[in-house]
Structures are given as structure tokens and as C-alpha cells.
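Scroll down for the structure; my scribbles are underneath it.
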Amino acid sequence: MIDIKEDKRLAAQWMEELSTGTMDSESMADLAQSGIETCEGYCGSREYTGVDCCRCIRELFPSYADYKLYLEARMRFKTLYSLGLLAQRVSTETKGENKK
Ligand SMILES: [Zn+2]
């Protein structure tokens with residue numbers, strides 16, 4: 001059983017933790033690539049602390065600032081990934097004939 005009051009207190013503390021860089025960039029890059037899966041099924045913690053700071057997220061990230069960094073990195077990864085696909089098409093196209 002989780003202590004709701006304690007969990008809320010920990011969530012608030014976690015949100016206020018502003019120091020970043022506790023997470024190494026290697027793990028951050030891994031997460032940005034794979035994405036995270038949180039709250040499989042019902043999550044009691046999410047119910048009363050909110051989607052952005054439930055226990056599952058707090059277990060993965062040392063602070064909210066790190067979580068925000070992750071969201072940013074994940075978004076960039078997706079953008080770069082689609083650009084990469086596009087770049088591949090471009091190089092295949094330029095290897096072929098010059099079509100108009
Ligand atoms: Zn959760």
C-alpha cells in the first residue's frame with residue numbers, strides 16, 4: 001500500500017528539485033531514442049499526484065527538470081529521425097537518374 005500523503009510530499013519535492021545534470025547524457029539519449037513507458041494500467045500515484053509526476057516517472061527521472069529535458073530530447077529525436085528518413089530518400093534519389 002502506498003502512503004498517499006507521503007507520495008504527494010515526494011512528488012512536490014521532486015517537482016521543486018531544479019538541479020539537472022544528475023542524469024548522464026548517455027542514459028538521456030537512450031531514453032530519447034526508445035521513449036518511456038509509464039503507468040501500465042491503473043496508476044494510483046497518477047490519480048492524486050498528476051500525470052507529470054507520478055511514481056513511475058519519478059522512478060525514471062531524478063527531478064522534474066530532468067523529465068522536461070527528456071521531453072525536449074524525445075521531441076528532437078523524433079524530428080531528427082524523420083529528417084534522417086528524408087535524407088535517405090534524397091541520397092537514393094540523387095544516386096539514380098536525374099528525374100524531373
Ligand atoms: Zn504512474
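Residues in the C-alpha cells are named by chain (A, B, ... in the order shown) and by number from 1 within that chain; ligands are numbered from 1 in the order shown.
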
Give one line per residue of chain A that approaches ligand 1 to at most 7 Å, naming the two atoms of the closest pair and their distance in Å to one decimal, counting only C-alpha atoms and all ligand atoms; sort by chain then ascending residue number and deliver it as a Markdown table.
```
| residue | atom | partner | partner_atom_place_in_ligand_line | distance |
| --- | --- | --- | --- | --- |
| A:Thr38 | CA | ligand 1 | 1 (Zn) | 5.7 |
| A:Cys39 | CA | ligand 1 | 1 (Zn) | 3.8 |
| A:Cys43 | CA | ligand 1 | 1 (Zn) | 4.7 |
| A:Ser45 | CA | ligand 1 | 1 (Zn) | 5.7 |
| A:Arg46 | CA | ligand 1 | 1 (Zn) | 4.9 |
| A:Cys54 | CA | ligand 1 | 1 (Zn) | 4.6 |
| A:Arg55 | CA | ligand 1 | 1 (Zn) | 5.3 |
| A:Cys56 | CA | ligand 1 | 1 (Zn) | 4.3 |
| A:Ile57 | CA | ligand 1 | 1 (Zn) | 6.5 |
```

Can I get the selected residues back with N, CA and C atoms, as a compact mmCIF listing (two decimals), in the first residue's frame?
```txt
# COMPACT_ATOMS: atom_id res chain seq x y z
N THR A 38 5.22 4.49 -19.14
CA THR A 38 4.89 4.63 -17.73
C THR A 38 3.45 4.23 -17.49
N CYS A 39 3.12 4.05 -16.26
CA CYS A 39 1.77 3.76 -15.82
C CYS A 39 1.08 2.70 -16.66
N CYS A 43 -2.78 3.54 -12.35
CA CYS A 43 -1.69 4.05 -11.55
C CYS A 43 -2.26 4.91 -10.43
N SER A 45 -0.76 6.42 -8.07
CA SER A 45 0.05 7.61 -7.87
C SER A 45 -0.36 8.73 -8.84
N ARG A 46 -0.64 8.34 -10.07
CA ARG A 46 -1.04 9.30 -11.09
C ARG A 46 -2.37 9.97 -10.72
N CYS A 54 3.84 11.24 -11.41
CA CYS A 54 3.52 10.04 -10.65
C CYS A 54 4.78 9.24 -10.37
N ARG A 55 4.64 8.25 -9.51
CA ARG A 55 5.78 7.45 -9.08
C ARG A 55 6.59 6.86 -10.23
N CYS A 56 5.90 6.39 -11.28
CA CYS A 56 6.58 5.75 -12.42
C CYS A 56 7.57 6.72 -13.07
N ILE A 57 7.17 7.98 -13.22
CA ILE A 57 8.04 8.97 -13.82
C ILE A 57 9.15 9.36 -12.86
```

Tyr67 (chain A) surroundings by only C-alpha atoms, 12 Å radius, close-in-sequence under 6 positions cut, as a PyMOL selection string = chain A and resi 14-15+17-23+28+31-32+35-36+52-54+56-61+73-74

Neighbours of Asp7 (chain A) within 9 Å (only C-alpha atoms; same-chain residues fewer than 3 positions away dropped), as a list in words?
-> Ile2, Asp3, Ile4, Leu10, Ala11, Ala12, Ser45, Tyr48, Thr49, Cys54 and Arg55 of chain A

Would you output that residue set with C-alpha atoms, as a short mmCIF file (atom, residue, chain, number, x, y, z; two decimals), in the first residue's frame?
```cif
data_model
loop_
_atom_site.label_atom_id
_atom_site.label_comp_id
_atom_site.auth_asym_id
_atom_site.auth_seq_id
_atom_site.Cartn_x
_atom_site.Cartn_y
_atom_site.Cartn_z
CA ILE A 2 1.33 3.42 -0.82
CA ASP A 3 1.08 6.27 1.58
CA ILE A 4 -0.84 8.94 -0.34
CA LEU A 10 7.64 13.32 -2.54
CA ALA A 11 6.01 14.46 -5.77
CA ALA A 12 6.07 18.09 -4.63
CA SER A 45 0.05 7.61 -7.87
CA TYR A 48 -3.56 12.04 -6.93
CA THR A 49 -0.19 13.49 -7.96
CA CYS A 54 3.52 10.04 -10.65
CA ARG A 55 5.78 7.45 -9.08
#
```

Neighbour list for Gln33 (chain A) as number ranges by chain, cut-off 12 Å, only C-alpha atoms, skip fewer than 4 positions in-chain = A: 26-29, 70-81

Grab the CA of Val51 (chain A) to CA of Tyr64 (chain A) distance for me, in Å with one decimal place.
->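 About the pair CA of Val51 (chain A) and CA of Tyr64 (chain A): they are 12.0 Å apart.
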
Among region 29-87 of chain A, which residues carry a DSSP assignment of helix (DSSP H, G or I), reported as number ranges by chain?
-> A: 29-34, 44-49, 55-60, 64-87

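Here CA of Tyr42 (chain A) is placed at a distance of 23.2 Å from CA of Gln13 (chain A).
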